[in-house]
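Novice: Provided herewith: model33.pdb, PDB, N, CA and C atoms, pLDDT in the B column.
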ATOM      1  N   MET S   4     -20.192 -11.768   4.721  1.00 67.00           N
ATOM      2  CA  MET S   4     -19.483 -12.996   4.467  1.00 67.00           C
ATOM      3  C   MET S   4     -18.411 -12.763   3.411  1.00 67.00           C
ATOM      4  N   LYS S   5     -17.207 -13.154   3.702  1.00 84.00           N
ATOM      5  CA  LYS S   5     -16.108 -12.981   2.766  1.00 84.00           C
ATOM      6  C   LYS S   5     -15.388 -14.311   2.579  1.00 84.00           C
ATOM      7  N   MET S   6     -14.960 -14.541   1.356  1.00 90.00           N
ATOM      8  CA  MET S   6     -14.260 -15.779   1.027  1.00 90.00           C
ATOM      9  C   MET S   6     -12.924 -15.818   1.759  1.00 90.00           C
ATOM     10  N   ARG S   7     -12.592 -16.981   2.303  1.00 93.00           N
ATOM     11  CA  ARG S   7     -11.344 -17.178   3.025  1.00 93.00           C
ATOM     12  C   ARG S   7     -10.668 -18.425   2.473  1.00 93.00           C
ATOM     13  N   ARG S   8      -9.342 -18.540   2.702  1.00 93.00           N
ATOM     14  CA  ARG S   8      -8.594 -19.703   2.230  1.00 93.00           C
ATOM     15  C   ARG S   8      -7.720 -20.229   3.354  1.00 93.00           C
ATOM     16  N   CYS S   9      -7.684 -21.538   3.474  1.00 93.00           N
ATOM     17  CA  CYS S   9      -6.864 -22.182   4.491  1.00 93.00           C
ATOM     18  C   CYS S   9      -5.394 -21.974   4.152  1.00 93.00           C
ATOM     19  N   ARG S  10      -4.596 -21.696   5.144  1.00 90.00           N
ATOM     20  CA  ARG S  10      -3.175 -21.425   4.916  1.00 90.00           C
ATOM     21  C   ARG S  10      -2.357 -22.708   4.750  1.00 90.00           C
ATOM     22  N   SER S  11      -2.889 -23.828   5.209  1.00 91.00           N
ATOM     23  CA  SER S  11      -2.114 -25.067   5.083  1.00 91.00           C
ATOM     24  C   SER S  11      -2.540 -25.918   3.889  1.00 91.00           C
ATOM     25  N   CYS S  12      -3.850 -26.105   3.664  1.00 93.00           N
ATOM     26  CA  CYS S  12      -4.282 -26.979   2.562  1.00 93.00           C
ATOM     27  C   CYS S  12      -4.843 -26.207   1.370  1.00 93.00           C
ATOM     28  N   MET S  13      -4.918 -24.881   1.450  1.00 91.00           N
ATOM     29  CA  MET S  13      -5.391 -24.002   0.370  1.00 91.00           C
ATOM     30  C   MET S  13      -6.852 -24.252  -0.030  1.00 91.00           C
ATOM     31  N   GLU S  14      -7.657 -24.770   0.867  1.00 93.00           N
ATOM     32  CA  GLU S  14      -9.083 -24.993   0.630  1.00 93.00           C
ATOM     33  C   GLU S  14      -9.831 -23.678   0.853  1.00 93.00           C
ATOM     34  N   TYR S  15     -10.791 -23.349  -0.018  1.00 93.00           N
ATOM     35  CA  TYR S  15     -11.598 -22.147   0.126  1.00 93.00           C
ATOM     36  C   TYR S  15     -12.805 -22.427   1.002  1.00 93.00           C
ATOM     37  N   THR S  16     -13.151 -21.457   1.866  1.00 93.00           N
ATOM     38  CA  THR S  16     -14.280 -21.609   2.777  1.00 93.00           C
ATOM     39  C   THR S  16     -14.753 -20.228   3.222  1.00 93.00           C
ATOM     40  N   LEU S  17     -15.858 -20.188   3.932  1.00 92.00           N
ATOM     41  CA  LEU S  17     -16.350 -18.945   4.522  1.00 92.00           C
ATOM     42  C   LEU S  17     -16.115 -18.927   6.034  1.00 92.00           C
ATOM     43  N   ARG S  18     -15.566 -19.978   6.567  1.00 92.00           N
ATOM     44  CA  ARG S  18     -15.358 -20.114   8.011  1.00 92.00           C
ATOM     45  C   ARG S  18     -13.985 -19.607   8.437  1.00 92.00           C
ATOM     46  N   ASP S  19     -13.840 -19.376   9.742  1.00 91.00           N
ATOM     47  CA  ASP S  19     -12.556 -18.937  10.301  1.00 91.00           C
ATOM     48  C   ASP S  19     -11.583 -20.096  10.465  1.00 91.00           C
ATOM     49  N   VAL S  20     -12.118 -21.310  10.579  1.00 93.00           N
ATOM     50  CA  VAL S  20     -11.307 -22.513  10.720  1.00 93.00           C
ATOM     51  C   VAL S  20     -11.629 -23.430   9.547  1.00 93.00           C
ATOM     52  N   CYS S  21     -10.629 -24.015   8.955  1.00 92.00           N
ATOM     53  CA  CYS S  21     -10.802 -24.886   7.793  1.00 92.00           C
ATOM     54  C   CYS S  21     -11.583 -26.143   8.170  1.00 92.00           C
ATOM     55  N   PRO S  22     -12.676 -26.452   7.458  1.00 92.00           N
ATOM     56  CA  PRO S  22     -13.440 -27.657   7.773  1.00 92.00           C
ATOM     57  C   PRO S  22     -12.712 -28.933   7.343  1.00 92.00           C
ATOM     58  N   ARG S  23     -11.750 -28.807   6.460  1.00 92.00           N
ATOM     59  CA  ARG S  23     -11.041 -29.978   5.945  1.00 92.00           C
ATOM     60  C   ARG S  23      -9.903 -30.434   6.870  1.00 92.00           C
ATOM     61  N   CYS S  24      -9.043 -29.466   7.264  1.00 93.00           N
ATOM     62  CA  CYS S  24      -7.875 -29.852   8.064  1.00 93.00           C
ATOM     63  C   CYS S  24      -7.832 -29.194   9.445  1.00 93.00           C
ATOM     64  N   GLY S  25      -8.715 -28.225   9.706  1.00 91.00           N
ATOM     65  CA  GLY S  25      -8.729 -27.570  11.009  1.00 91.00           C
ATOM     66  C   GLY S  25      -7.735 -26.420  11.136  1.00 91.00           C
ATOM     67  N   GLY S  26      -7.079 -26.045  10.025  1.00 92.00           N
ATOM     68  CA  GLY S  26      -6.102 -24.958  10.042  1.00 92.00           C
ATOM     69  C   GLY S  26      -6.752 -23.586  10.040  1.00 92.00           C
ATOM     70  N   SER S  27      -5.954 -22.568  10.260  1.00 92.00           N
ATOM     71  CA  SER S  27      -6.492 -21.211  10.263  1.00 92.00           C
ATOM     72  C   SER S  27      -6.665 -20.718   8.828  1.00 92.00           C
ATOM     73  N   THR S  28      -7.614 -19.821   8.630  1.00 94.00           N
ATOM     74  CA  THR S  28      -7.890 -19.280   7.304  1.00 94.00           C
ATOM     75  C   THR S  28      -7.561 -17.802   7.263  1.00 94.00           C
ATOM     76  N   GLY S  29      -7.340 -17.292   6.068  1.00 91.00           N
ATOM     77  CA  GLY S  29      -7.049 -15.876   5.883  1.00 91.00           C
ATOM     78  C   GLY S  29      -7.833 -15.331   4.705  1.00 91.00           C
ATOM     79  N   VAL S  30      -7.937 -14.034   4.618  1.00 89.00           N
ATOM     80  CA  VAL S  30      -8.682 -13.398   3.541  1.00 89.00           C
ATOM     81  C   VAL S  30      -7.942 -13.577   2.214  1.00 89.00           C
ATOM     82  N   VAL S  31      -8.682 -13.687   1.142  1.00 87.00           N
ATOM     83  CA  VAL S  31      -8.114 -13.970  -0.166  1.00 87.00           C
ATOM     84  C   VAL S  31      -7.781 -12.699  -0.937  1.00 87.00           C
ATOM     85  N   TYR S  32      -8.544 -11.661  -0.743  1.00 84.00           N
ATOM     86  CA  TYR S  32      -8.422 -10.453  -1.539  1.00 84.00           C
ATOM     87  C   TYR S  32      -7.359  -9.509  -0.974  1.00 84.00           C
ATOM     88  N   PRO S  33      -6.745  -8.678  -1.825  1.00 79.00           N
ATOM     89  CA  PRO S  33      -5.756  -7.703  -1.352  1.00 79.00           C
ATOM     90  C   PRO S  33      -6.430  -6.529  -0.632  1.00 79.00           C
ATOM     91  N   PRO S  34      -5.697  -5.776   0.162  1.00 74.00           N
ATOM     92  CA  PRO S  34      -6.279  -4.617   0.826  1.00 74.00           C
ATOM     93  C   PRO S  34      -6.653  -3.531  -0.180  1.00 74.00           C
ATOM     94  N   LYS S  35      -7.563  -2.657   0.197  1.00 80.00           N
ATOM     95  CA  LYS S  35      -7.986  -1.568  -0.680  1.00 80.00           C
ATOM     96  C   LYS S  35      -6.828  -0.613  -0.934  1.00 80.00           C
ATOM     97  N   PHE S  36      -6.803  -0.042  -2.142  1.00 80.00           N
ATOM     98  CA  PHE S  36      -5.769   0.929  -2.475  1.00 80.00           C
ATOM     99  C   PHE S  36      -6.106   2.275  -1.847  1.00 80.00           C
ATOM    100  N   SER S  37      -5.104   2.917  -1.306  1.00 83.00           N
ATOM    101  CA  SER S  37      -5.277   4.242  -0.734  1.00 83.00           C
ATOM    102  C   SER S  37      -4.059   5.087  -1.074  1.00 83.00           C
ATOM    103  N   PRO S  38      -4.248   6.284  -1.620  1.00 84.00           N
ATOM    104  CA  PRO S  38      -3.106   7.155  -1.912  1.00 84.00           C
ATOM    105  C   PRO S  38      -2.357   7.571  -0.643  1.00 84.00           C
ATOM    106  N   GLU S  39      -3.036   7.571   0.494  1.00 87.00           N
ATOM    107  CA  GLU S  39      -2.398   7.933   1.758  1.00 87.00           C
ATOM    108  C   GLU S  39      -1.938   6.683   2.509  1.00 87.00           C
ATOM    109  N   ASP S  40      -1.445   5.677   1.798  1.00 86.00           N
ATOM    110  CA  ASP S  40      -1.008   4.427   2.406  1.00 86.00           C
ATOM    111  C   ASP S  40       0.197   4.685   3.307  1.00 86.00           C
ATOM    112  N   ARG S  41       0.002   4.550   4.612  1.00 87.00           N
ATOM    113  CA  ARG S  41       1.056   4.854   5.570  1.00 87.00           C
ATOM    114  C   ARG S  41       2.159   3.806   5.568  1.00 87.00           C
ATOM    115  N   TYR S  42       1.847   2.571   5.199  1.00 88.00           N
ATOM    116  CA  TYR S  42       2.819   1.486   5.278  1.00 88.00           C
ATOM    117  C   TYR S  42       3.314   1.025   3.916  1.00 88.00           C
ATOM    118  N   GLY S  43       2.953   1.729   2.850  1.00 86.00           N
ATOM    119  CA  GLY S  43       3.355   1.354   1.500  1.00 86.00           C
ATOM    120  C   GLY S  43       4.859   1.304   1.317  1.00 86.00           C
ATOM    121  N   GLU S  44       5.546   2.278   1.878  1.00 89.00           N
ATOM    122  CA  GLU S  44       7.004   2.327   1.757  1.00 89.00           C
ATOM    123  C   GLU S  44       7.646   1.074   2.375  1.00 89.00           C
ATOM    124  N   TYR S  45       7.175   0.672   3.552  1.00 91.00           N
ATOM    125  CA  TYR S  45       7.731  -0.486   4.238  1.00 91.00           C
ATOM    126  C   TYR S  45       7.408  -1.775   3.483  1.00 91.00           C
ATOM    127  N   ARG S  46       6.194  -1.868   2.933  1.00 86.00           N
ATOM    128  CA  ARG S  46       5.791  -3.053   2.198  1.00 86.00           C
ATOM    129  C   ARG S  46       6.636  -3.212   0.929  1.00 86.00           C
ATOM    130  N   ARG S  47       6.882  -2.110   0.221  1.00 88.00           N
ATOM    131  CA  ARG S  47       7.712  -2.165  -0.983  1.00 88.00           C
ATOM    132  C   ARG S  47       9.162  -2.500  -0.639  1.00 88.00           C
ATOM    133  N   ARG S  48       9.665  -1.965   0.459  1.00 92.00           N
ATOM    134  CA  ARG S  48      11.036  -2.257   0.887  1.00 92.00           C
ATOM    135  C   ARG S  48      11.183  -3.746   1.223  1.00 92.00           C
ATOM    136  N   LEU S  49      10.209  -4.304   1.928  1.00 89.00           N
ATOM    137  CA  LEU S  49      10.241  -5.719   2.270  1.00 89.00           C
ATOM    138  C   LEU S  49      10.182  -6.576   1.008  1.00 89.00           C
ATOM    139  N   LYS S  50       9.352  -6.190   0.060  1.00 88.00           N
ATOM    140  CA  LYS S  50       9.236  -6.936  -1.190  1.00 88.00           C
ATOM    141  C   LYS S  50      10.568  -6.945  -1.944  1.00 88.00           C
ATOM    142  N   ARG S  51      11.254  -5.785  -1.985  1.00 90.00           N
ATOM    143  CA  ARG S  51      12.555  -5.708  -2.648  1.00 90.00           C
ATOM    144  C   ARG S  51      13.582  -6.599  -1.958  1.00 90.00           C
ATOM    145  N   GLU S  52      13.593  -6.603  -0.634  1.00 88.00           N
ATOM    146  CA  GLU S  52      14.559  -7.416   0.125  1.00 88.00           C
ATOM    147  C   GLU S  52      14.309  -8.902  -0.110  1.00 88.00           C
ATOM    148  N   VAL S  53      13.056  -9.310  -0.171  1.00 84.00           N
ATOM    149  CA  VAL S  53      12.738 -10.714  -0.401  1.00 84.00           C
ATOM    150  C   VAL S  53      13.179 -11.118  -1.802  1.00 84.00           C
ATOM    151  N   LEU S  54      12.972 -10.258  -2.794  1.00 81.00           N
ATOM    152  CA  LEU S  54      13.372 -10.573  -4.161  1.00 81.00           C
ATOM    153  C   LEU S  54      14.889 -10.654  -4.296  1.00 81.00           C
ATOM    154  N   LEU S  55      15.618  -9.837  -3.542  1.00 81.00           N
ATOM    155  CA  LEU S  55      17.073  -9.866  -3.604  1.00 81.00           C
ATOM    156  C   LEU S  55      17.648 -11.127  -2.974  1.00 81.00           C
ATOM    157  N   GLU S  56      16.952 -11.695  -1.984  1.00 76.00           N
ATOM    158  CA  GLU S  56      17.426 -12.905  -1.305  1.00 76.00           C
ATOM    159  C   GLU S  56      17.317 -14.130  -2.181  1.00 76.00           C
ATOM    160  N   LYS S  57      16.417 -14.117  -3.145  1.00 65.00           N
ATOM    161  CA  LYS S  57      16.204 -15.304  -3.998  1.00 65.00           C
ATOM    162  C   LYS S  57      17.247 -15.460  -5.022  1.00 65.00           C
TER     163      LYS S  57
END
For this file, write the structure as structure tokens.
Specialist:
Amino acid sequence: MKMRRCRSCMEYTLRDVCPRCGGSTGVVYPPKFSPEDRYGEYRRRLKREVLLEK
């Protein structure tokens, strides 16, 4: 069992569907760190582009 959060109302739950609004839920915790992160470069590039747009 892992804690999840609704993407629309931000309610915490253990279910896949929010009991409050019926929206979808997602995992709360970040992914595990790995030195062999294959997608780290792309994630950092996307983060930089988003920060530049603001």
Novice: Point out the residue among S:Pro34, S:Gly43, S:Gly29, S:Pro22 with the least atom-to-atom distance to Arg7 (chain S), counting only N, CA and C atoms.
Specialist: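 Under the stated criterion, the closest residue is S:Gly29.
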Novice: Where does the PyMOL selection byres (((chain S and resi 15 and name CA) around 12) and name CA) land in this file, that is, which residues does it pick, as a ChimeraX atom specification?
Specialist: /S:5-14,16-24,26-31
Novice: Do you have the atom N of Leu54 (chain S)-atom C of Ser37 (chain S) distance handy?
Specialist: 23.0 Å
Novice: As an exercise, work out the distance from atom N of Val53 (chain S) to atom N of Glu39 (chain S) in Å and give it to one decimal place.
Specialist: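 Separating atom N of Val53 (chain S) from atom N of Glu39 (chain S) is a distance of 23.3 Å.
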Novice: What's the separation between CA of Glu52 (chain S) and atom N of Tyr32 (chain S), in Å to one decimal place?
Specialist: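 Atom-to-atom, CA of Glu52 (chain S) to atom N of Tyr32 (chain S), that is 23.5 Å.
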Novice: Taking only chain S into account, list the residues labelled strand (DSSP E or B) by DSSP (computed from the backbone), as a PyMOL selection string.
Specialist: chain S and resi 7-9+15-16+20+27-30
Novice: I need the residues of chain S that end up classed as helix (DSSP H, G or I) by DSSP on the backbone, written out as a ChimeraX atom specification.
Specialist: /S:43-56
Novice: How big is the axis-aligned box, and where does its centre sit, when it encloses all atoms of region 15-34 of chain S listed in the file and has 6 Å added on every side, reported in Å to one decimal as lines of an AutoDock Vina configuration file?
Specialist:
center_x = -11.0
center_y = -17.0
center_z = 4.7
size_x = 22.7
size_y = 38.9
size_z = 25.0
Novice: Mind filling out region 16-27 of chain S with all heavy atoms and sending it as a short mmCIF file (atom, residue, chain, number, x, y, z; two decimals), in the frame of the given file?
Specialist:
data_model
loop_
_atom_site.label_atom_id
_atom_site.label_comp_id
_atom_site.auth_asym_id
_atom_site.auth_seq_id
_atom_site.Cartn_x
_atom_site.Cartn_y
_atom_site.Cartn_z
N THR S 16 -13.15 -21.46 1.87
CA THR S 16 -14.28 -21.61 2.78
C THR S 16 -14.75 -20.23 3.22
O THR S 16 -14.12 -19.22 2.93
CB THR S 16 -13.89 -22.46 4.00
OG1 THR S 16 -15.03 -22.63 4.83
CG2 THR S 16 -12.78 -21.83 4.80
N LEU S 17 -15.86 -20.19 3.93
CA LEU S 17 -16.35 -18.94 4.52
C LEU S 17 -16.11 -18.93 6.03
O LEU S 17 -16.43 -17.95 6.70
CB LEU S 17 -17.85 -18.78 4.24
CG LEU S 17 -18.21 -18.60 2.77
CD1 LEU S 17 -19.73 -18.60 2.61
CD2 LEU S 17 -17.63 -17.32 2.20
N ARG S 18 -15.57 -19.98 6.57
CA ARG S 18 -15.36 -20.11 8.01
C ARG S 18 -13.98 -19.61 8.44
O ARG S 18 -13.07 -19.47 7.63
CB ARG S 18 -15.49 -21.57 8.40
CG ARG S 18 -16.85 -22.14 8.07
CD ARG S 18 -16.91 -23.57 8.44
NE ARG S 18 -18.21 -24.13 8.07
CZ ARG S 18 -18.48 -25.41 8.10
NH1 ARG S 18 -17.56 -26.27 8.47
NH2 ARG S 18 -19.67 -25.85 7.75
N ASP S 19 -13.84 -19.38 9.74
CA ASP S 19 -12.56 -18.94 10.30
C ASP S 19 -11.58 -20.10 10.46
O ASP S 19 -10.37 -19.90 10.51
CB ASP S 19 -12.77 -18.27 11.66
CG ASP S 19 -13.51 -16.94 11.52
OD1 ASP S 19 -13.40 -16.32 10.45
OD2 ASP S 19 -14.19 -16.55 12.48
N VAL S 20 -12.12 -21.31 10.58
CA VAL S 20 -11.31 -22.51 10.72
C VAL S 20 -11.63 -23.43 9.55
O VAL S 20 -12.78 -23.62 9.19
CB VAL S 20 -11.63 -23.23 12.06
CG1 VAL S 20 -10.85 -24.51 12.18
CG2 VAL S 20 -11.33 -22.31 13.22
N CYS S 21 -10.63 -24.02 8.96
CA CYS S 21 -10.80 -24.89 7.79
C CYS S 21 -11.58 -26.14 8.17
O CYS S 21 -11.20 -26.85 9.10
CB CYS S 21 -9.44 -25.26 7.21
SG CYS S 21 -9.55 -26.39 5.81
N PRO S 22 -12.68 -26.45 7.46
CA PRO S 22 -13.44 -27.66 7.77
C PRO S 22 -12.71 -28.93 7.34
O PRO S 22 -13.00 -30.01 7.84
CB PRO S 22 -14.73 -27.49 6.98
CG PRO S 22 -14.41 -26.54 5.89
CD PRO S 22 -13.31 -25.66 6.42
N ARG S 23 -11.75 -28.81 6.46
CA ARG S 23 -11.04 -29.98 5.94
C ARG S 23 -9.90 -30.43 6.87
O ARG S 23 -9.80 -31.60 7.21
CB ARG S 23 -10.48 -29.64 4.58
CG ARG S 23 -9.84 -30.76 3.86
CD ARG S 23 -9.32 -30.25 2.55
NE ARG S 23 -9.15 -31.28 1.58
CZ ARG S 23 -8.53 -31.10 0.43
NH1 ARG S 23 -8.08 -29.92 0.12
NH2 ARG S 23 -8.40 -32.08 -0.41
N CYS S 24 -9.04 -29.47 7.26
CA CYS S 24 -7.88 -29.85 8.06
C CYS S 24 -7.83 -29.19 9.44
O CYS S 24 -6.98 -29.51 10.25
CB CYS S 24 -6.59 -29.51 7.30
SG CYS S 24 -6.27 -27.76 7.15
N GLY S 25 -8.72 -28.22 9.71
CA GLY S 25 -8.73 -27.57 11.01
C GLY S 25 -7.74 -26.42 11.14
O GLY S 25 -7.56 -25.86 12.21
N GLY S 26 -7.08 -26.04 10.02
CA GLY S 26 -6.10 -24.96 10.04
C GLY S 26 -6.75 -23.59 10.04
O GLY S 26 -7.96 -23.45 9.83
N SER S 27 -5.95 -22.57 10.26
CA SER S 27 -6.49 -21.21 10.26
C SER S 27 -6.66 -20.72 8.83
O SER S 27 -5.96 -21.14 7.92
CB SER S 27 -5.57 -20.27 11.02
OG SER S 27 -4.33 -20.18 10.36
#
